[in-house]
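Here the structure is laid out as structure tokens; the discussion comes afterwards.
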Amino acid sequence: MEINAINPPHDIIMTIASSSRGNSVFARLDGTAVLIDAGVSAKRICCAVTAAGCDAASLSAIFITHEHIDHIRALPVLTKKCAANIYAPEQSAPYIVSNGAGVTPHPPVWSAEIGNIEVRSFYTPHDSDGSCGYILRSQNRTLGVCTDLGHMTDEILSMLAGCDDVILESNHDPDMLRCGGYPAQLKARIRSNYGHLSNAQCAAAAAVLASEGAHSITLAHLSEENNTPRLAYGTTMRELEARGLKTVLNVAPAGECLTIISR
């Protein structure tokens, strides 16, 4: 993609939606605009992208972390509005319906040049046929997106280390989950090593990433039944303060956009 050298489009990273009901992240880095996941309505995604000063038709790529509906819901409609290539883990790709648009499968650990950014993926332990996180690297900024994982691994932390901005799952409070109304089988799934990251697990990982120089950490994919923004934020902030670490700490809201950076 050609960029006007005198007045290039500014960088922006924005969560469009983030919860158990739907997830999507928009990023434009060095003039290359992409989505990570498309789990809410196409209308909502297009409106958010337009509000960010872009156009859905100009998206260079859509990266899908895995095949669960809260990450792919918009694709059949969204692909009528844009011709962006869709990339997904090879185990998940056969389950993704995109209204006839091609889905390019990739192995869990993969890298490619898309426009002006380098994209890398890494395996995440989750109960799907294929699940991964993504790192977007431009000349000036690196974004890591890591949600839907039952436990943090050294390999994932190594991949995310050095990212300027990290979007990291803080799905549930263990006490709320234990006392809540979910069936026992679902509770066990969420707590498992292939479920979702708890607030405490997220906080421990966030402290490592802050010590590695993360400028911002955004807590994401909060359960609306088993967590609250206050609990998630407080758990991670206490861990950061206990270790004397400083970073910008955000909580991605479920039903509205959050601009993480715009410069």
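Letters A, B, ... go to the chains of the structure tokens in the order shown; residues in each chain start at 1; ligands are counted from 1 in the same order.
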
With only C-alpha atoms counted and 12 Å as the cut-off, give the residues of stretch 102-179 of chain A in contact with stretch 186-201 of chain A, each with its shortest interatomic distance in Å and the pair that gives it, as a Markdown table.
| residue | atom | partner | partner_atom | distance |
| --- | --- | --- | --- | --- |
| A:Tyr123 | CA | A:Tyr194 | CA | 11.7 |
| A:Thr124 | CA | A:Tyr194 | CA | 8.6 |
| A:Pro125 | CA | A:Tyr194 | CA | 5.1 |
| A:His126 | CA | A:Tyr194 | CA | 4.0 |
| A:Asp127 | CA | A:Tyr194 | CA | 5.2 |
| A:Ser128 | CA | A:Tyr194 | CA | 8.6 |
| A:Asp129 | CA | A:Tyr194 | CA | 11.4 |
| A:Gly130 | CA | A:Tyr194 | CA | 11.5 |
| A:Ser131 | CA | A:Tyr194 | CA | 10.2 |
| A:Cys146 | CA | A:Leu197 | CA | 10.2 |
| A:Thr147 | CA | A:His196 | CA | 8.0 |
| A:Asp148 | CA | A:His196 | CA | 5.5 |
| A:Leu149 | CA | A:His196 | CA | 5.0 |
| A:Gly150 | CA | A:Gly195 | CA | 4.0 |
| A:His151 | CA | A:Asn193 | CA | 5.3 |
| A:Met152 | CA | A:Gln201 | CA | 7.4 |
| A:Thr153 | CA | A:Asn193 | CA | 10.5 |
| A:Leu168 | CA | A:Leu197 | CA | 9.1 |
| A:Glu169 | CA | A:Leu197 | CA | 6.1 |
| A:Ser170 | CA | A:Asn199 | CA | 4.8 |
| A:Asn171 | CA | A:Ser198 | CA | 5.4 |
| A:His172 | CA | A:Ser198 | CA | 4.8 |
| A:Asp173 | CA | A:Asn199 | CA | 5.8 |
| A:Pro174 | CA | A:Ser198 | CA | 6.7 |
| A:Asp175 | CA | A:Ser198 | CA | 10.3 |
| A:Met176 | CA | A:Lys187 | CA | 10.5 |
| A:Leu177 | CA | A:Lys187 | CA | 6.7 |
| A:Arg178 | CA | A:Lys187 | CA | 7.2 |
| A:Cys179 | CA | A:Lys187 | CA | 9.9 |

Task: Those in stretch 73-181 of chain A with strand (DSSP E) from DSSP, as a PyMOL selection string - done: chain A and resi 85-89+103-106+110-114+117-123+132-137+142-146+165-169

Would you mind exporting N, CA and C atoms of the selected residues as an mmCIF file, in the first residue's frame?
data_model
loop_
_atom_site.group_PDB
_atom_site.id
_atom_site.type_symbol
_atom_site.label_atom_id
_atom_site.label_comp_id
_atom_site.auth_asym_id
_atom_site.auth_seq_id
_atom_site.Cartn_x
_atom_site.Cartn_y
_atom_site.Cartn_z
ATOM 1 N N ASN A 85 -8.163 -10.093 2.498
ATOM 2 C CA ASN A 85 -7.817 -11.492 2.681
ATOM 3 C C ASN A 85 -8.089 -11.891 4.127
ATOM 4 N N ILE A 86 -8.601 -13.107 4.302
ATOM 5 C CA ILE A 86 -8.866 -13.643 5.637
ATOM 6 C C ILE A 86 -7.825 -14.709 5.934
ATOM 7 N N TYR A 87 -7.183 -14.569 7.079
ATOM 8 C CA TYR A 87 -6.167 -15.523 7.508
ATOM 9 C C TYR A 87 -6.635 -16.175 8.807
ATOM 10 N N ALA A 88 -6.442 -17.487 8.918
ATOM 11 C CA ALA A 88 -6.883 -18.215 10.098
ATOM 12 C C ALA A 88 -5.991 -19.436 10.305
ATOM 13 N N PRO A 89 -5.885 -19.919 11.542
ATOM 14 C CA PRO A 89 -5.119 -21.145 11.781
ATOM 15 C C PRO A 89 -5.662 -22.294 10.941
ATOM 16 N N VAL A 103 -10.391 -18.185 2.544
ATOM 17 C CA VAL A 103 -9.726 -18.135 3.838
ATOM 18 C C VAL A 103 -8.348 -18.764 3.654
ATOM 19 N N THR A 104 -7.320 -18.017 3.950
ATOM 20 C CA THR A 104 -5.946 -18.516 3.811
ATOM 21 C C THR A 104 -5.521 -19.155 5.126
ATOM 22 N N PRO A 105 -5.329 -20.472 5.133
ATOM 23 C CA PRO A 105 -4.911 -21.128 6.374
ATOM 24 C C PRO A 105 -3.422 -20.935 6.622
ATOM 25 N N HIS A 106 -3.066 -20.893 7.882
ATOM 26 C CA HIS A 106 -1.643 -20.805 8.234
ATOM 27 C C HIS A 106 -1.376 -21.680 9.448
ATOM 28 N N TRP A 110 3.591 -18.771 12.623
ATOM 29 C CA TRP A 110 3.619 -18.322 11.221
ATOM 30 C C TRP A 110 3.997 -16.862 11.180
ATOM 31 N N SER A 111 4.522 -16.419 10.056
ATOM 32 C CA SER A 111 4.802 -14.990 9.873
ATOM 33 C C SER A 111 4.634 -14.636 8.406
ATOM 34 N N ALA A 112 4.303 -13.371 8.164
ATOM 35 C CA ALA A 112 4.110 -12.885 6.799
ATOM 36 C C ALA A 112 4.220 -11.368 6.797
ATOM 37 N N GLU A 113 4.480 -10.820 5.604
ATOM 38 C CA GLU A 113 4.445 -9.377 5.402
ATOM 39 C C GLU A 113 3.105 -9.021 4.776
ATOM 40 N N ILE A 114 2.361 -8.163 5.432
ATOM 41 C CA ILE A 114 1.064 -7.695 4.940
ATOM 42 C C ILE A 114 1.135 -6.177 4.850
ATOM 43 N N ILE A 117 3.322 -3.977 7.402
ATOM 44 C CA ILE A 117 3.542 -4.576 8.714
ATOM 45 C C ILE A 117 3.949 -6.040 8.583
ATOM 46 N N GLU A 118 4.667 -6.499 9.584
ATOM 47 C CA GLU A 118 4.968 -7.926 9.719
ATOM 48 C C GLU A 118 3.955 -8.516 10.692
ATOM 49 N N VAL A 119 3.386 -9.645 10.324
ATOM 50 C CA VAL A 119 2.416 -10.342 11.169
ATOM 51 C C VAL A 119 3.017 -11.668 11.596
ATOM 52 N N ARG A 120 2.899 -11.956 12.893
ATOM 53 C CA ARG A 120 3.350 -13.247 13.412
ATOM 54 C C ARG A 120 2.234 -13.854 14.248
ATOM 55 N N SER A 121 2.101 -15.148 14.194
ATOM 56 C CA SER A 121 1.113 -15.831 15.028
ATOM 57 C C SER A 121 1.820 -16.796 15.969
ATOM 58 N N PHE A 122 1.103 -17.142 17.040
ATOM 59 C CA PHE A 122 1.644 -18.081 18.022
ATOM 60 C C PHE A 122 0.482 -18.905 18.590
ATOM 61 N N TYR A 123 0.778 -20.124 18.971
ATOM 62 C CA TYR A 123 -0.229 -21.050 19.482
ATOM 63 C C TYR A 123 -0.741 -20.595 20.840
ATOM 64 N N CYS A 132 -4.899 -19.212 18.080
ATOM 65 C CA CYS A 132 -3.613 -18.523 18.071
ATOM 66 C C CYS A 132 -3.793 -17.079 18.510
ATOM 67 N N GLY A 133 -2.692 -16.440 18.813
ATOM 68 C CA GLY A 133 -2.639 -15.006 19.017
ATOM 69 C C GLY A 133 -1.836 -14.398 17.884
ATOM 70 N N TYR A 134 -1.851 -13.071 17.788
ATOM 71 C CA TYR A 134 -1.137 -12.391 16.708
ATOM 72 C C TYR A 134 -0.298 -11.238 17.240
ATOM 73 N N ILE A 135 0.788 -10.999 16.540
ATOM 74 C CA ILE A 135 1.632 -9.829 16.781
ATOM 75 C C ILE A 135 1.744 -9.063 15.476
ATOM 76 N N LEU A 136 1.478 -7.768 15.527
ATOM 77 C CA LEU A 136 1.614 -6.876 14.379
ATOM 78 C C LEU A 136 2.787 -5.944 14.652
ATOM 79 N N ARG A 137 3.740 -5.920 13.729
ATOM 80 C CA ARG A 137 4.943 -5.112 13.922
ATOM 81 C C ARG A 137 5.125 -4.150 12.752
ATOM 82 N N THR A 142 4.736 -2.136 17.965
ATOM 83 C CA THR A 142 4.422 -3.556 17.941
ATOM 84 C C THR A 142 3.223 -3.811 18.851
ATOM 85 N N LEU A 143 2.209 -4.471 18.299
ATOM 86 C CA LEU A 143 0.992 -4.810 19.028
ATOM 87 C C LEU A 143 0.891 -6.315 19.173
ATOM 88 N N GLY A 144 0.585 -6.776 20.385
ATOM 89 C CA GLY A 144 0.323 -8.187 20.622
ATOM 90 C C GLY A 144 -1.110 -8.383 21.072
ATOM 91 N N VAL A 145 -1.792 -9.368 20.493
ATOM 92 C CA VAL A 145 -3.172 -9.683 20.863
ATOM 93 C C VAL A 145 -3.217 -11.146 21.300
ATOM 94 N N CYS A 146 -3.603 -11.359 22.562
ATOM 95 C CA CYS A 146 -3.558 -12.703 23.136
ATOM 96 C C CYS A 146 -4.775 -12.913 24.028
ATOM 97 N N ASP A 165 2.338 -2.491 22.907
ATOM 98 C CA ASP A 165 0.956 -2.556 23.371
ATOM 99 C C ASP A 165 0.506 -4.010 23.334
ATOM 100 N N VAL A 166 -0.131 -4.454 24.413
ATOM 101 C CA VAL A 166 -0.597 -5.833 24.503
ATOM 102 C C VAL A 166 -2.071 -5.837 24.895
ATOM 103 N N ILE A 167 -2.864 -6.591 24.154
ATOM 104 C CA ILE A 167 -4.262 -6.846 24.501
ATOM 105 C C ILE A 167 -4.297 -8.266 25.043
ATOM 106 N N LEU A 168 -4.640 -8.406 26.330
ATOM 107 C CA LEU A 168 -4.421 -9.657 27.053
ATOM 108 C C LEU A 168 -5.706 -10.087 27.770
ATOM 109 N N GLU A 169 -6.032 -11.362 27.669
ATOM 110 C CA GLU A 169 -7.260 -11.856 28.292
ATOM 111 C C GLU A 169 -7.207 -11.781 29.813
#

TODO: Excluding stretch 42-51 of chain A and residues on its chain fewer than 4 positions from it, collect all residues at most 6 Å away from it, counting only C-alpha atoms, and give them as a VMD selection string.
DONE: chain A and resid 55 to 56 74 78

Take the residues from that selection and put them in a file with C-alpha atoms, as a CSV table (one decimal), in the first residue's frame.
chain,number,residue,atom,x,y,z
A,55,ASP,CA,-13.1,2.5,5.4
A,56,ALA,CA,-13.9,-1.2,5.6
A,74,ALA,CA,-19.5,-10.8,11.0
A,78,LEU,CA,-18.3,-8.2,6.2

Task: Length of the atom CA of A:Gln139 to atom CA of A:Glu256 vector [Å] - done: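 We find that atom CA of A:Gln139 and atom CA of A:Glu256 lie 28.9 Å from each other.
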
Task: Separation of atom CA of A:Ile156 from atom CA of A:Leu209 in Å - done: 10.7 Å

Open item on the list: I need the residues of stretch 73-261 of chain A that end up classed as helix (DSSP H, G or I) by DSSP on the backbone, written out as a VMD selection string.
Closed with: chain A and resid 75 to 81 93 to 95 154 to 160 174 to 179 184 to 191 199 to 211 229 to 242

TODO: Tell me which protein, DNA and RNA residues are within 6 Å of A:Ala84, counting only C-alpha atoms, leaving out same-chain ones fewer than 3 positions away, and put them as a PyMOL selection string.
DONE: chain A and resi 59-61

Can you spit out the residues from that selection as a PDB file, in the first residue's frame, using N, CA and C atoms?
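Result went into again-v3.pdb, see below:
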ATOM      1  N   LEU A  59      -9.513  -2.307   4.166  1.00  0.00           N
ATOM      2  CA  LEU A  59      -8.818  -3.256   5.027  1.00  0.00           C
ATOM      3  C   LEU A  59      -7.913  -4.162   4.193  1.00  0.00           C
ATOM      4  N   SER A  60      -6.692  -4.331   4.649  1.00  0.00           N
ATOM      5  CA  SER A  60      -5.753  -5.202   3.934  1.00  0.00           C
ATOM      6  C   SER A  60      -5.913  -6.662   4.315  1.00  0.00           C
ATOM      7  N   ALA A  61      -6.372  -6.935   5.543  1.00  0.00           N
ATOM      8  CA  ALA A  61      -6.476  -8.325   5.995  1.00  0.00           C
ATOM      9  C   ALA A  61      -7.374  -8.408   7.215  1.00  0.00           C
TER      10      ALA A  61
END

Open item on the list: Can you tell me which residues surround A:Asn23 at a distance of at most 9 Å, considering only C-alpha atoms, apart from same-chain residues fewer than 2 positions away, and format the answer as JSON, numbers by chain?
Closed with: {"A": [15, 16, 17, 18, 19, 20, 21, 25, 36, 37, 38, 39, 40, 70, 71, 72, 220, 221, 254]}

Open item on the list: From the options A:Met159, A:Leu258, A:Leu219, A:Ala203, which residue's atoms come nearest to A:Ala242, counting only C-alpha atoms?
Closed with: A:Ala203

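Distances from A:Asn226, A:Thr65, A:Thr236, A:Ser58 to A:Lys81 were compared using only C-alpha atoms, and the smallest one belongs to A:Ser58.
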
- [ ] Using only C-alpha atoms, pick whichever of A:Thr259, A:Leu240, A:Leu35, A:Asp164 has the shortest atom-to-atom distance to A:Ser216.
- [x] A:Asp164
